[in-house]
Structure formats: structure tokens, C-alpha cells
file data.tsv (TSV, C-alpha atoms and all ligand atoms)
chain	number	residue	atom	x	y	z
A	751	MET	CA	-1.41	-24.25	-21.17
A	752	ASP	CA	1.32	-25.89	-19.11
A	753	TYR	CA	1.21	-23.95	-15.88
A	754	THR	CA	4.24	-25.62	-14.34
A	755	SER	CA	6.51	-24.44	-17.14
A	756	LEU	CA	4.95	-20.97	-16.99
A	757	ILE	CA	5.77	-20.74	-13.29
A	758	GLU	CA	9.27	-22.01	-13.99
A	759	LYS	CA	9.74	-19.40	-16.70
A	760	ALA	CA	8.62	-16.63	-14.34
A	761	GLU	CA	10.86	-17.89	-11.55
A	762	LYS	CA	13.93	-18.02	-13.79
A	763	THR	CA	13.50	-15.04	-16.10
A	764	HIS	CA	11.14	-12.71	-14.15
A	765	GLN	CA	9.42	-11.95	-17.45
A	766	LEU	CA	5.99	-12.98	-18.68
A	767	THR	CA	3.73	-11.75	-21.46
A	768	LYS	CA	0.37	-10.27	-20.67
A	769	SER	CA	-1.49	-13.43	-21.68
A	770	GLU	CA	0.83	-15.54	-19.52
A	771	ILE	CA	0.14	-13.27	-16.51
A	772	VAL	CA	-3.59	-13.58	-17.17
A	773	ALA	CA	-3.26	-17.35	-17.28
A	774	LEU	CA	-1.54	-17.47	-13.89
A	775	LEU	CA	-3.95	-15.01	-12.27
A	776	ASN	CA	-6.91	-17.05	-13.51
A	777	ASN	CA	-5.56	-20.42	-12.58
A	778	GLN	CA	-6.84	-21.84	-9.34
A	779	THR	CA	-5.57	-25.38	-9.61
A	780	CYS	CA	-1.84	-24.68	-9.40
A	781	GLN	CA	-2.09	-21.89	-6.83
A	782	GLU	CA	0.11	-23.81	-4.36
A	783	GLU	CA	2.88	-24.24	-6.92
A	784	LEU	CA	2.70	-20.55	-7.81
A	785	ILE	CA	2.89	-19.51	-4.16
A	786	ALA	CA	5.81	-21.84	-3.41
A	787	ALA	CA	7.77	-20.36	-6.33
A	788	ALA	CA	7.04	-16.80	-5.16
A	789	ASP	CA	8.18	-17.70	-1.65
A	790	ARG	CA	11.47	-19.06	-3.04
A	791	VAL	CA	12.07	-15.90	-5.07
A	792	ARG	CA	11.29	-13.76	-2.00
A	793	ALA	CA	13.81	-15.74	0.09
A	794	ALA	CA	16.49	-15.54	-2.61
A	795	PHE	CA	16.16	-11.83	-3.37
A	796	VAL	CA	14.99	-10.08	-0.19
A	797	GLY	CA	15.69	-12.73	2.44
A	798	ASP	CA	13.81	-13.69	5.59
A	799	ASP	CA	13.63	-10.26	7.18
A	800	ILE	CA	10.23	-8.64	7.47
A	801	HIS	CA	10.14	-4.86	7.56
A	802	LEU	CA	7.60	-3.35	9.90
A	803	ARG	CA	6.39	0.16	9.14
A	804	GLY	CA	4.33	1.98	11.75
A	805	LEU	CA	1.26	3.58	10.18
A	806	VAL	CA	0.09	6.96	11.48
A	807	GLU	CA	-3.34	7.85	10.06
A	808	PHE	CA	-3.12	11.55	10.76
A	809	SER	CA	-6.26	12.96	9.10
A	810	ASN	CA	-9.36	11.46	7.53
A	811	ILE	CA	-10.40	14.74	5.91
A	812	CYS	CA	-10.30	14.53	2.13
A	813	LYS	CA	-11.14	16.85	-0.74
A	814	GLN	CA	-11.38	13.96	-3.21
A	815	ASN	CA	-14.44	11.87	-3.87
A	816	CYS	CA	-13.15	8.44	-4.89
A	817	MET	CA	-16.18	6.21	-5.36
A	818	TYR	CA	-14.76	3.27	-3.40
A	819	CYS	CA	-13.46	5.09	-0.35
A	820	GLY	CA	-15.16	5.79	2.96
A	821	LEU	CA	-13.18	9.01	3.41
A	822	ARG	CA	-14.60	10.55	0.20
A	823	ARG	CA	-15.77	14.12	0.73
A	824	ASP	CA	-19.47	13.34	0.12
A	825	ASN	CA	-19.58	10.77	2.90
A	826	LYS	CA	-21.31	12.64	5.70
A	827	LYS	CA	-21.41	9.59	7.96
A	828	VAL	CA	-17.72	9.43	8.78
A	829	GLU	CA	-16.65	11.43	11.85
A	830	ARG	CA	-13.80	13.59	10.64
A	831	TYR	CA	-10.61	14.21	12.61
A	832	ARG	CA	-7.24	15.81	12.12
A	833	LEU	CA	-4.31	15.14	14.48
A	834	SER	CA	-2.36	18.07	15.87
A	835	THR	CA	1.37	18.34	15.21
A	836	GLU	CA	1.95	17.30	18.84
A	837	GLU	CA	-0.19	14.17	18.49
A	838	ILE	CA	1.58	13.14	15.28
A	839	LEU	CA	4.98	13.58	16.92
A	840	ASP	CA	3.81	11.69	19.98
A	841	PHE	CA	2.69	8.69	17.87
A	842	ALA	CA	5.95	8.79	15.89
A	843	GLN	CA	8.00	8.90	19.10
A	844	LYS	CA	6.07	5.95	20.51
A	845	ALA	CA	6.49	4.04	17.23
A	846	LYS	CA	10.21	4.48	17.63
A	847	GLU	CA	10.03	3.20	21.20
A	848	TYR	CA	8.17	0.06	20.11
A	849	GLY	CA	11.02	-0.60	17.69
A	850	TYR	CA	9.78	0.72	14.34
A	851	LYS	CA	12.45	2.12	12.01
A	852	THR	CA	9.97	3.66	9.58
A	853	VAL	CA	6.71	5.52	9.99
A	854	VAL	CA	4.15	5.79	7.21
A	855	MET	CA	2.23	9.05	7.49
A	856	GLN	CA	-1.07	8.65	5.67
A	857	SER	CA	-4.13	10.88	5.31
A	858	GLY	CA	-6.89	12.02	3.00
A	859	GLU	CA	-6.08	14.99	0.79
A	860	ASP	CA	-6.42	17.44	3.67
A	861	MET	CA	-5.61	21.00	2.58
A	862	ASP	CA	-5.02	22.14	6.15
A	863	PHE	CA	-1.60	20.50	5.96
A	864	THR	CA	0.12	23.21	3.96
A	865	VAL	CA	3.66	22.69	2.73
A	866	ASP	CA	4.98	24.80	5.61
A	867	LYS	CA	3.04	22.91	8.23
A	868	LEU	CA	3.89	19.49	6.86
A	869	THR	CA	7.58	20.14	6.25
A	870	ASP	CA	7.85	21.35	9.84
A	871	ILE	CA	6.32	18.06	11.04
A	872	LEU	CA	8.53	16.01	8.71
A	873	ARG	CA	11.68	17.65	10.04
A	874	GLN	CA	10.70	16.84	13.59
A	875	VAL	CA	9.81	13.22	12.79
A	876	LYS	CA	13.07	12.88	10.88
A	877	ALA	CA	15.00	14.19	13.90
A	878	LEU	CA	13.78	11.10	15.77
A	879	GLY	CA	15.94	9.03	13.42
A	880	LEU	CA	13.03	7.39	11.61
A	881	ALA	CA	12.67	6.77	7.88
A	882	ILE	CA	9.49	8.42	6.61
A	883	THR	CA	6.96	7.25	4.04
A	884	LEU	CA	4.34	9.79	3.03
A	885	SER	CA	0.96	8.80	1.61
A	886	ILE	CA	-1.13	11.93	1.19
A	887	GLY	CA	-2.25	11.86	-2.40
A	888	GLU	CA	-1.66	14.02	-5.46
A	889	LYS	CA	0.53	17.13	-5.10
A	890	THR	CA	2.58	19.34	-7.38
A	891	ARG	CA	6.18	18.50	-8.19
A	892	GLU	CA	7.29	21.49	-6.09
A	893	GLU	CA	5.39	20.21	-3.07
A	894	TYR	CA	6.89	16.74	-3.45
A	895	ALA	CA	10.35	18.32	-3.70
A	896	ALA	CA	9.75	20.24	-0.46
A	897	TYR	CA	8.68	17.07	1.38
A	898	LYS	CA	11.76	15.27	0.12
A	899	GLU	CA	13.99	18.08	1.24
A	900	ALA	CA	12.33	18.02	4.68
A	901	GLY	CA	13.15	14.35	5.14
A	902	ALA	CA	10.52	12.15	3.49
A	903	ASP	CA	12.23	9.08	2.00
A	904	ARG	CA	9.40	7.20	0.39
A	905	TYR	CA	5.99	7.96	-1.08
A	906	LEU	CA	3.02	5.69	-1.44
A	907	LEU	CA	0.51	6.53	-4.16
A	908	ARG	CA	-1.46	3.70	-5.67
A	909	ILE	CA	-2.40	3.97	-9.32
A	910	GLU	CA	-5.52	2.04	-8.18
A	911	THR	CA	-6.14	0.73	-11.73
A	912	THR	CA	-4.31	1.27	-15.02
A	913	ASP	CA	-7.60	1.12	-16.91
A	914	LYS	CA	-7.79	4.86	-17.65
A	915	ALA	CA	-11.53	4.92	-18.35
A	916	LEU	CA	-12.28	2.99	-15.17
A	917	TYR	CA	-9.86	5.15	-13.15
A	918	GLU	CA	-11.61	8.31	-14.26
A	919	GLU	CA	-15.04	6.85	-13.62
A	920	LEU	CA	-14.10	5.84	-10.09
A	921	ASN	CA	-12.14	8.99	-9.29
A	922	PRO	CA	-14.36	11.89	-10.37
A	923	GLY	CA	-12.48	15.10	-11.02
A	924	MET	CA	-9.12	13.31	-11.13
A	925	SER	CA	-7.14	12.36	-14.21
A	926	PHE	CA	-5.15	9.24	-14.92
A	927	GLU	CA	-2.41	11.35	-16.54
A	928	ASN	CA	-1.94	13.40	-13.40
A	929	ARG	CA	-1.68	10.25	-11.26
A	930	VAL	CA	1.07	8.95	-13.55
A	931	ARG	CA	2.73	12.39	-13.55
A	932	CYS	CA	2.86	12.26	-9.75
A	933	LEU	CA	4.57	8.86	-9.79
A	934	LYS	CA	7.07	10.05	-12.39
A	935	ASP	CA	7.89	13.21	-10.42
A	936	LEU	CA	8.33	11.23	-7.22
A	937	LYS	CA	10.74	8.84	-8.89
A	938	GLU	CA	12.73	11.68	-10.46
A	939	LEU	CA	12.94	13.49	-7.13
A	940	GLY	CA	14.61	10.47	-5.58
A	941	PHE	CA	11.79	9.04	-3.47
A	942	GLU	CA	11.45	5.32	-3.13
A	943	VAL	CA	8.14	4.98	-4.91
A	944	GLY	CA	5.37	2.76	-3.73
A	945	THR	CA	2.28	2.25	-5.81
A	946	GLY	CA	-0.29	-0.49	-6.25
A	947	CYS	CA	-3.85	-1.24	-7.14
A	948	LEU	CA	-7.17	-2.43	-5.88
A	949	VAL	CA	-8.17	-5.96	-6.84
A	950	GLY	CA	-11.81	-6.59	-7.67
A	951	LEU	CA	-13.08	-3.16	-8.66
A	952	PRO	CA	-16.35	-3.13	-10.58
A	953	LYS	CA	-15.73	-3.58	-14.34
A	954	GLN	CA	-12.05	-4.46	-13.72
A	955	THR	CA	-10.93	-7.44	-15.80
A	956	VAL	CA	-8.11	-9.91	-15.21
A	957	GLU	CA	-6.49	-8.50	-18.39
A	958	SER	CA	-6.50	-5.12	-16.72
A	959	LEU	CA	-4.85	-6.57	-13.59
A	960	ALA	CA	-2.14	-7.99	-15.85
A	961	ASP	CA	-1.69	-4.50	-17.32
A	962	ASP	CA	-1.28	-3.20	-13.76
A	963	ILE	CA	1.61	-5.60	-13.15
A	964	LEU	CA	3.26	-4.65	-16.45
A	965	PHE	CA	2.84	-0.98	-15.54
A	966	PHE	CA	4.53	-1.49	-12.15
A	967	LYS	CA	7.43	-3.14	-13.94
A	968	SER	CA	7.64	-0.41	-16.56
A	969	ILE	CA	7.99	2.37	-13.98
A	970	ASP	CA	10.34	0.25	-11.85
A	971	ALA	CA	8.29	0.81	-8.69
A	972	ASP	CA	10.16	0.11	-5.46
A	973	MET	CA	7.16	-1.03	-3.49
A	974	ILE	CA	3.76	-2.39	-4.49
A	975	GLY	CA	0.86	-2.45	-2.08
A	976	ILE	CA	-2.20	-4.22	-3.31
A	977	GLY	CA	-5.40	-5.12	-1.59
A	978	PRO	CA	-8.85	-6.38	-2.35
A	979	PHE	CA	-11.48	-3.72	-2.90
A	980	ILE	CA	-13.89	-4.00	0.02
A	981	PRO	CA	-17.24	-2.33	-0.67
A	982	ASN	CA	-18.04	0.38	1.85
A	983	GLY	CA	-21.72	0.82	2.81
A	984	ASP	CA	-21.35	4.59	2.96
A	985	THR	CA	-20.19	4.93	-0.65
A	986	PRO	CA	-21.82	4.69	-4.11
A	987	LEU	CA	-20.15	1.28	-4.59
A	988	LYS	CA	-21.84	-0.22	-1.55
A	989	ASP	CA	-23.55	-2.98	-3.56
A	990	ALA	CA	-20.50	-3.96	-5.60
A	991	GLU	CA	-19.07	-7.44	-5.25
A	992	GLY	CA	-15.54	-6.56	-4.19
A	993	GLY	CA	-12.27	-8.43	-4.50
A	994	THR	CA	-11.37	-11.88	-3.21
A	995	PHE	CA	-8.53	-13.09	-1.06
A	996	PRO	CA	-7.34	-15.85	-3.45
A	997	MET	CA	-7.07	-13.43	-6.40
A	998	SER	CA	-5.18	-10.92	-4.23
A	999	LEU	CA	-2.83	-13.69	-3.14
A	1000	ARG	CA	-2.17	-14.88	-6.69
A	1001	PHE	CA	-1.55	-11.26	-7.66
A	1002	ILE	CA	1.11	-10.91	-4.94
A	1003	ALA	CA	2.74	-14.17	-5.98
A	1004	VAL	CA	2.93	-13.21	-9.67
A	1005	LEU	CA	4.22	-9.78	-8.71
A	1006	ARG	CA	7.05	-11.30	-6.65
A	1007	LEU	CA	8.04	-13.58	-9.52
A	1008	LEU	CA	8.21	-10.65	-11.94
A	1009	MET	CA	9.67	-8.02	-9.59
A	1010	PRO	CA	11.93	-10.11	-7.39
A	1011	ASP	CA	13.70	-7.39	-5.38
A	1012	ILE	CA	10.89	-4.97	-4.52
A	1013	ASN	CA	9.14	-4.53	-1.19
A	1014	ILE	CA	5.65	-6.02	-1.06
A	1015	PRO	CA	3.44	-5.48	1.99
A	1016	ALA	CA	0.94	-7.97	3.30
A	1017	THR	CA	-1.94	-5.52	3.58
A	1018	THR	CA	-4.54	-5.01	6.25
A	1019	ALA	CA	-7.40	-5.08	3.73
A	1020	MET	CA	-6.52	-8.70	2.92
A	1021	GLU	CA	-6.84	-9.56	6.60
A	1022	THR	CA	-10.40	-8.24	6.56
A	1023	LEU	CA	-11.27	-11.13	4.22
A	1024	ASP	CA	-9.24	-13.88	5.91
A	1025	LYS	CA	-8.09	-13.70	9.50
A	1026	ASN	CA	-4.70	-15.21	8.72
A	1027	ALA	CA	-4.20	-13.31	5.46
A	1028	ARG	CA	-1.07	-11.38	6.30
A	1029	ILE	CA	0.83	-14.46	7.41
A	1030	ILE	CA	-0.34	-16.34	4.31
A	1031	ALA	CA	0.73	-13.39	2.11
A	1032	LEU	CA	4.13	-13.27	3.82
A	1033	GLN	CA	4.60	-16.85	2.61
A	1034	ALA	CA	3.42	-16.00	-0.91
A	1035	GLY	CA	5.92	-13.28	-1.77
A	1036	ALA	CA	5.28	-10.42	0.68
A	1037	ASN	CA	8.02	-9.08	3.01
A	1038	VAL	CA	6.54	-5.97	4.68
A	1039	VAL	CA	3.78	-5.35	7.25
A	1040	MET	CA	2.41	-1.95	8.19
A	1041	PRO	CA	0.86	-2.19	11.67
A	1042	ASN	CA	-1.20	0.74	12.84
A	1043	VAL	CA	0.44	2.97	15.45
A	1044	THR	CA	-2.43	5.44	15.62
A	1045	GLU	CA	-4.09	5.30	19.03
A	1046	GLY	CA	-7.63	5.37	20.35
A	1047	ASP	CA	-10.77	6.15	18.42
A	1048	TYR	CA	-8.91	7.50	15.38
A	1049	ARG	CA	-8.39	3.93	14.18
A	1050	ARG	CA	-12.13	3.35	13.85
A	1051	LYS	CA	-12.71	6.74	12.24
A	1052	TYR	CA	-10.10	6.14	9.54
A	1053	ALA	CA	-12.71	4.03	7.77
A	1054	LEU	CA	-11.56	3.49	4.20
A	1055	TYR	CA	-13.50	0.22	4.13
A	1056	PRO	CA	-15.59	-1.73	6.67
A	1057	GLY	CA	-14.31	-4.59	8.83
A	1058	LYS	CA	-10.88	-3.05	9.36
A	1059	ILE	CA	-8.89	-5.22	11.76
A	1060	CYS	CA	-7.50	-4.23	15.18
A	1061	ILE	CA	-9.58	-1.05	15.55
A	1062	ASN	CA	-9.81	-1.62	19.30
A	1063	ASP	CA	-6.18	-2.63	19.80
A	1064	THR	CA	-3.27	-0.60	21.06
A	1065	PRO	CA	-0.02	-0.14	19.13
A	1066	ALA	CA	1.80	-2.17	21.80
A	1067	LYS	CA	-0.57	-5.08	21.25
A	1068	CYS	CA	-0.15	-4.86	17.46
A	1069	TRP	CA	3.64	-5.00	17.71
A	1070	GLY	CA	3.48	-8.04	20.00
A	1071	CYS	CA	0.83	-9.78	17.91
A	1072	ILE	CA	2.55	-9.43	14.56
A	1073	GLY	CA	5.96	-10.13	16.08
A	1074	GLY	CA	4.65	-13.42	17.47
A	1075	LYS	CA	3.15	-14.40	14.14
A	1076	ILE	CA	6.38	-13.61	12.30
A	1077	ALA	CA	8.41	-15.74	14.71
A	1078	GLY	CA	5.81	-18.49	14.25
A	1079	ILE	CA	6.68	-18.84	10.54
A	1080	GLY	CA	10.43	-18.81	11.17
A	1081	ARG	CA	11.02	-15.30	9.91
A	1082	LYS	CA	12.41	-12.30	11.74
A	1083	ILE	CA	11.75	-8.61	12.19
A	1084	SER	CA	14.28	-6.52	10.28
A	1085	GLN	CA	16.53	-4.24	12.30
A	1086	GLY	CA	17.14	-1.96	9.32
A	1087	GLN	CA	15.07	0.71	7.62
A	1088	GLY	CA	14.21	-1.63	4.79
A	1089	PHE	CA	15.14	0.31	1.68
A	1090	ARG	CA	14.98	-1.59	-1.58
A	1091	GLU	CA	18.30	-3.09	-2.54
A	1092	ILE	CA	18.28	-3.42	-6.29
A	1093	LYS	CA	19.72	-6.76	-7.33
A	1094	GLN	CA	20.65	-7.36	-10.93
B	1	LIG	N1	-5.50	9.74	0.19
B	1	LIG	C1	-4.36	8.96	-0.11
B	1	LIG	C2	-4.04	7.93	0.95
B	1	LIG	C3	-5.18	7.34	1.72
B	1	LIG	S1	-6.19	6.21	0.84
B	1	LIG	C4	-4.51	8.30	-1.46
B	1	LIG	O1	-5.64	8.15	-1.93
B	1	LIG	O2	-3.50	7.96	-2.05
B	1	LIG	C5	-5.15	4.78	0.84
B	1	LIG	C6	-5.64	3.64	-0.03
B	1	LIG	O3	-6.82	3.07	0.50
B	1	LIG	C7	-6.05	4.01	-1.44
B	1	LIG	O4	-4.93	4.09	-2.29
B	1	LIG	C8	-7.00	2.87	-1.83
B	1	LIG	O5	-6.37	1.92	-2.67
B	1	LIG	C9	-7.36	2.23	-0.49
B	1	LIG	N2	-8.82	2.10	-0.33
B	1	LIG	C10	-9.71	3.10	-0.36
B	1	LIG	N3	-10.98	2.59	-0.28
B	1	LIG	C11	-10.86	1.24	-0.20
B	1	LIG	C12	-11.79	0.16	-0.13
B	1	LIG	N4	-13.11	0.37	-0.11
B	1	LIG	N5	-11.31	-1.10	-0.07
B	1	LIG	C13	-9.97	-1.33	-0.06
B	1	LIG	N6	-9.05	-0.36	-0.13
B	1	LIG	C14	-9.48	0.92	-0.21
B	2	LIG	FE1	-9.36	10.62	-0.39
B	2	LIG	FE2	-7.47	8.76	-0.75
B	2	LIG	FE3	-10.00	8.06	-0.08
B	2	LIG	FE4	-9.54	9.03	-2.52
B	2	LIG	S1	-8.72	7.10	-1.66
B	2	LIG	S2	-11.23	9.65	-1.15
B	2	LIG	S3	-7.91	10.52	-2.12
B	2	LIG	S4	-8.54	9.21	1.17
call {"tool": "encode", "arguments": {"input": "data.tsv", "output": "C-alpha cells", "more": "lines below"}}
Ligand code: SAH
Ligand code: SF4
result
Amino acid sequence: MDYTSLIEKAEKTHQLTKSEIVALLNNQTCQEELIAAADRVRAAFVGDDIHLRGLVEFSNICKQNCMYCGLRRDNKKVERYRLSTEEILDFAQKAKEYGYKTVVMQSGEDMDFTVDKLTDILRQVKALGLAITLSIGEKTREEYAAYKEAGADRYLLRIETTDKALYEELNPGMSFENRVRCLKDLKELGFEVGTGCLVGLPKQTVESLADDILFFKSIDADMIGIGPFIPNGDTPLKDAEGGTFPMSLRFIAVLRLLMPDINIPATTAMETLDKNARIIALQAGANVVMPNVTEGDYRRKYALYPGKICINDTPAKCWGCIGGKIAGIGRKISQGQGFREIKQ
């Protein structure tokens, strides 16, 4: 296999077959070439701006029982919390003051946030002039429509894996079809749709990761967030091996080559495996960072996986830290809300 011509093909045509994607994901020798090509495509299609989204982790209470996640309902070790409406608004207001143009409101599937309660919060956050991304799991089409109407612009729901059997094994009580239905509804309702997957799940193959990329392309996702699976000691997958940073990085690079105009975050989970991961990812195709704007002890308690970075930092420190790193690689913080601009 001639990897250089494969990379060239991807850079020019943004199309690869499944076996070609597998070849690039598996190849470790030409990783630098792959990353350089992804960085060129990123510069050409989405430019040098980096969009910062302020993440508010507003509840770690969850009715689901995903095998990989520390917030799963059977985990009795995590200290549960739920922010009040006032606290959420306070964090959103502060995010705006730091300079964020978007807040990402994320939580477990917490049934206390009824449609009425959440739409009320969304309206108030929207009145601050912020773009809103919601990431609160599977809901009915009607619920999604109500959130949209109340001001949510984007929705983040990872497919986690497109291997249906593996998905249903890892997400007991949930169905792959319903996950896909959610993504379809969100797209039809006019949300910018973010999805993504975990890299390095038990039993996940490189072929299956290639299927994930083809799936993202087929649904024309606007944003793809991927991260390595990091085994959590308080879950049934505590002894699993987990994902690696190099595979996650190659995944991001291939994704950028094949979906040149989407938004791709450099995720926090990657930084758990390599202390410079986000800056490396931003030079391998990524163009978004989602710093945490939740304050105090909530950061530690929102324990999806162990080793989460910056749990003792303040939002002000995170803004300064990431801003400095971005300037250090000659890029700049976007002044816009960072919607996807589809380029033909
Ligand atoms: N409840 C919502 C949002 C919170 S979970 C939802 O599930 O969509 C956000 C993401 O955390 C999940 O999509 C999953 O991909 C990621 N995650 C959960 N456990 C993880 C782990 N052990 N390692 C890495 N990422 C994890
Ligand atoms: Fe709940 Fe999301 Fe964790 Fe699943 S991944 S247990 S839905 S917080």
C-alpha cells in the first residue's frame, strides 16, 4: 500500500473506501505526513480561528447505565449533584464575561430537568446573547423541538460506536436504532448536530472505527467529538485496556481529510493521556476547544473517567491557559459563534 498516494487522494477528493481508511488508521510510520495533510485541509477549509465553547456540567445524575461511564446509575461511589437554575445562569453569565460566545450545557440523563424547567433555563441563557449547545442524551422528537424553540442551536450526542451489537452490549437498555433516530430528528429540526465515538472500546475493531467515520459522513454531521475510552475504576469496564492517544490523533486527522468543513474539538479526554494533547490535536485537524466553566467541586464530581484535567482550576485560569497555548501555535481565538460554514 502506498500511503503517500492514499493521503494525497484523501486531501484532494475527501473520499476514501473503508479499507483505505483502515489502512491509514493502522499506519504508524506515516503518521506525520497524515497529520500535516490534515492540518493543511483544516487551514484551507476552516481557517486559523479556534472556537472556544464554555462547558457547563450541570448535573451528574443519570438514569442510564452505560458500562464505560462513571456517571452510570449503578455507580454508588460518585457524589451526585444537580445545579440550580440560578447556578447554571451564573456560570453562563460568567462564561460570557470571560469571552465565550457559546456554552455547552451537558449532563447525565437527569429526569428532574423537565421540558418546562429546561426550556425556561434555555430562554434565560439565550437572552445573554450566547449560542447554546445541549448535550443531555436521548429525548423524544417533541422534546428536542421544544429545546430548539427555546433557543438551543446545537446538540451533541455521540453515537459512541456504530457496531450495533457492541453498542447494545455497552449501553444496556438502550437501542442503536433509537440513538440514530435521535440524530436524525435533531438534524431535521435544524440543530447543528454533533456526534462522535469512543476510540478503544473493548471488542472495537479498526474496521468498526472506519465504519464510524463513514457513518459521520453519511449523516453529514456538523461536529465530531471523539476521545479515547479511559477505563473508570468504578465501572464494569475497569480492567479494560482503553484507547490510545496516537490512534485518537490519527482518527482526527483522517476525519478532517474526509470531512473538511466540519468542527472538530480537541477533547479533554485526550489530554488525560498526553499533557499536550489538545495543542497537538489542534495541529492535526481540530479547530474547537471546550474548556470547563463549571466552578468548584462540581468539576471533580463530574467524573465520566479518571484523570480528568483541570479539576482544581478556575474558569478564569482555563481561559488564560488555553488562550496562551493557542497564541503559542500562531492561531487565534475566534470572535464569532463558530457555526459550521458548509463549503462545496
Ligand atoms: N449523558 C450525555 C452526555 C454526558 S456523557 C450522553 O451520554 O450523551 C458525554 C460523553 O462522555 C459520552 O458521550 C461518552 O462518549 C463520554 N464518556 C463517558 N465515559 C467515558 C470514559 N470512560 N472515557 C472517555 N469518555 C467517556
Ligand atoms: Fe449517562 Fe451519558 Fe454516562 Fe451514559 S454516557 S451513563 S447517558 S452520562
call {"tool": "residues_near_ligand", "arguments": {"input": "data.tsv", "ligand": "ligand LIG 2 (chain B)", "cutoff": "12 Å", "atoms": "all atoms listed in the file", "output": "VMD selection string"}}
result
chain A and resid 807 to 825 828 830 856 to 861 885 to 889 906 to 910 917 to 918 920 to 924 929 947 to 948 979 982 985 1052 to 1055
call {"tool": "atom_distance", "arguments": {"input": "data.tsv", "atom1": "atom CA of A:Asp866", "atom2": "atom CA of A:Ala902"}}
result
14.0 Å
call {"tool": "atom_distance", "arguments": {"input": "data.tsv", "atom1": "atom CA of A:Ala1031", "atom2": "atom CA of A:Thr1017"}}
result
8.4 Å
call {"tool": "atom_distance", "arguments": {"input": "data.tsv", "atom1": "atom CA of A:Pro978", "atom2": "atom CA of A:Tyr905"}}
result
20.7 Å
call {"tool": "closest_residue", "arguments": {"input": "data.tsv", "among": "A:Lys1075, A:His764, A:Lys988, A:Lys1025", "to": "ligand LIG 1 (chain B)", "atoms": "all atoms listed in the file"}}
result
A:Lys988
call {"tool": "closest_residue", "arguments": {"input": "data.tsv", "among": "A:Ser958, A:Thr779, A:Thr945, A:Asn1026", "to": "ligand LIG 1 (chain B)", "atoms": "all atoms listed in the file"}}
result
A:Thr945
call {"tool": "closest_residue", "arguments": {"input": "data.tsv", "among": "A:Ile963, A:Ile838, A:Ile1030, A:Cys932", "to": "ligand LIG 1 (chain B)", "atoms": "all atoms listed in the file"}}
result
A:Cys932
call {"tool": "residues_around", "arguments": {"input": "data.tsv", "residues": "stretch 1082-1084 of chain A", "least_positions_apart": "4", "cutoff": "8 Å", "atoms": "all atoms listed in the file", "output": "NGL selection string"}}
result
:A and (798-802 or 1073 or 1076-1077 or 1088)
call {"tool": "residues_around", "arguments": {"input": "data.tsv", "residues": "A:Gly804", "least_positions_apart": "5", "cutoff": "12 Å", "atoms": "all atoms listed in the file", "output": "PyMOL selection string"}}
result
chain A and resi 841-856+880-884+1038-1045+1065-1066+1068-1069+1072+1087
call {"tool": "write_last_selection", "arguments": {"input": "data.tsv", "atoms": "C-alpha atoms", "output": "JSON list (two decimals), in the frame of the given file"}}
result
[["chain", "number", "residue", "atom", "x", "y", "z"],
["A", 841, "PHE", "CA", 2.69, 8.69, 17.87],
["A", 842, "ALA", "CA", 5.95, 8.79, 15.89],
["A", 843, "GLN", "CA", 8.00, 8.90, 19.10],
["A", 844, "LYS", "CA", 6.07, 5.95, 20.51],
["A", 845, "ALA", "CA", 6.49, 4.04, 17.23],
["A", 846, "LYS", "CA", 10.21, 4.48, 17.63],
["A", 847, "GLU", "CA", 10.03, 3.20, 21.20],
["A", 848, "TYR", "CA", 8.17, 0.06, 20.11],
["A", 849, "GLY", "CA", 11.02, -0.60, 17.69],
["A", 850, "TYR", "CA", 9.78, 0.72, 14.34],
["A", 851, "LYS", "CA", 12.45, 2.12, 12.01],
["A", 852, "THR", "CA", 9.97, 3.66, 9.58],
["A", 853, "VAL", "CA", 6.71, 5.52, 9.99],
["A", 854, "VAL", "CA", 4.15, 5.79, 7.21],
["A", 855, "MET", "CA", 2.23, 9.05, 7.49],
["A", 856, "GLN", "CA", -1.07, 8.65, 5.67],
["A", 880, "LEU", "CA", 13.03, 7.39, 11.61],
["A", 881, "ALA", "CA", 12.67, 6.77, 7.88],
["A", 882, "ILE", "CA", 9.49, 8.42, 6.61],
["A", 883, "THR", "CA", 6.96, 7.25, 4.04],
["A", 884, "LEU", "CA", 4.34, 9.79, 3.03],
["A", 1038, "VAL", "CA", 6.54, -5.97, 4.68],
["A", 1039, "VAL", "CA", 3.78, -5.35, 7.25],
["A", 1040, "MET", "CA", 2.41, -1.95, 8.19],
["A", 1041, "PRO", "CA", 0.86, -2.19, 11.67],
["A", 1042, "ASN", "CA", -1.20, 0.74, 12.84],
["A", 1043, "VAL", "CA", 0.44, 2.97, 15.45],
["A", 1044, "THR", "CA", -2.43, 5.44, 15.62],
["A", 1045, "GLU", "CA", -4.09, 5.30, 19.03],
["A", 1065, "PRO", "CA", -0.02, -0.14, 19.13],
["A", 1066, "ALA", "CA", 1.80, -2.17, 21.80],
["A", 1068, "CYS", "CA", -0.15, -4.86, 17.46],
["A", 1069, "TRP", "CA", 3.64, -5.00, 17.71],
["A", 1072, "ILE", "CA", 2.55, -9.43, 14.56],
["A", 1087, "GLN", "CA", 15.07, 0.71, 7.62]]
call {"tool": "residues_around", "arguments": {"input": "data.tsv", "residues": "stretch 1089-1093 of chain A", "least_positions_apart": "4", "cutoff": "7 Å", "atoms": "only C-alpha atoms", "output": "list in words"}}
result
Asp972, Asp1011, Ile1012 and Asn1013 of chain A
call {"tool": "closest_residue", "arguments": {"input": "data.tsv", "among": "A:Asn1062, A:Thr1018, A:Thr763, A:Thr890", "to": "ligand LIG 1 (chain B)", "atoms": "only C-alpha atoms and all ligand atoms"}}
result
A:Thr1018
call {"tool": "closest_residue", "arguments": {"input": "data.tsv", "among": "A:Thr869, A:Thr1064, A:Thr994, A:Asn1037", "to": "ligand LIG 1 (chain B)", "atoms": "all atoms listed in the file"}}
result
A:Thr994
call {"tool": "axis_aligned_box", "arguments": {"input": "data.tsv", "around": "ligand LIG 1 (chain B)", "padding_each_side": "8 Å", "output": "lines of an AutoDock Vina configuration file"}}
result
center_x = -8.3
center_y = 4.2
center_z = -0.5
size_x = 25.6
size_y = 27.1
size_z = 20.4
call {"tool": "closest_residue", "arguments": {"input": "data.tsv", "among": "A:Pro952, A:Gly879, A:Gly797, A:Gly1078", "to": "A:Gly992", "atoms": "only C-alpha atoms"}}
result
A:Pro952
call {"tool": "residues_around", "arguments": {"input": "data.tsv", "residues": "stretch 781-789 of chain A", "least_positions_apart": "3", "cutoff": "12 Å", "atoms": "all atoms listed in the file", "output": "MDAnalysis selection string"}}
result
chainID A and resid 753:762 764 771 773:778 792:798 996:1011 1014 1030:1037
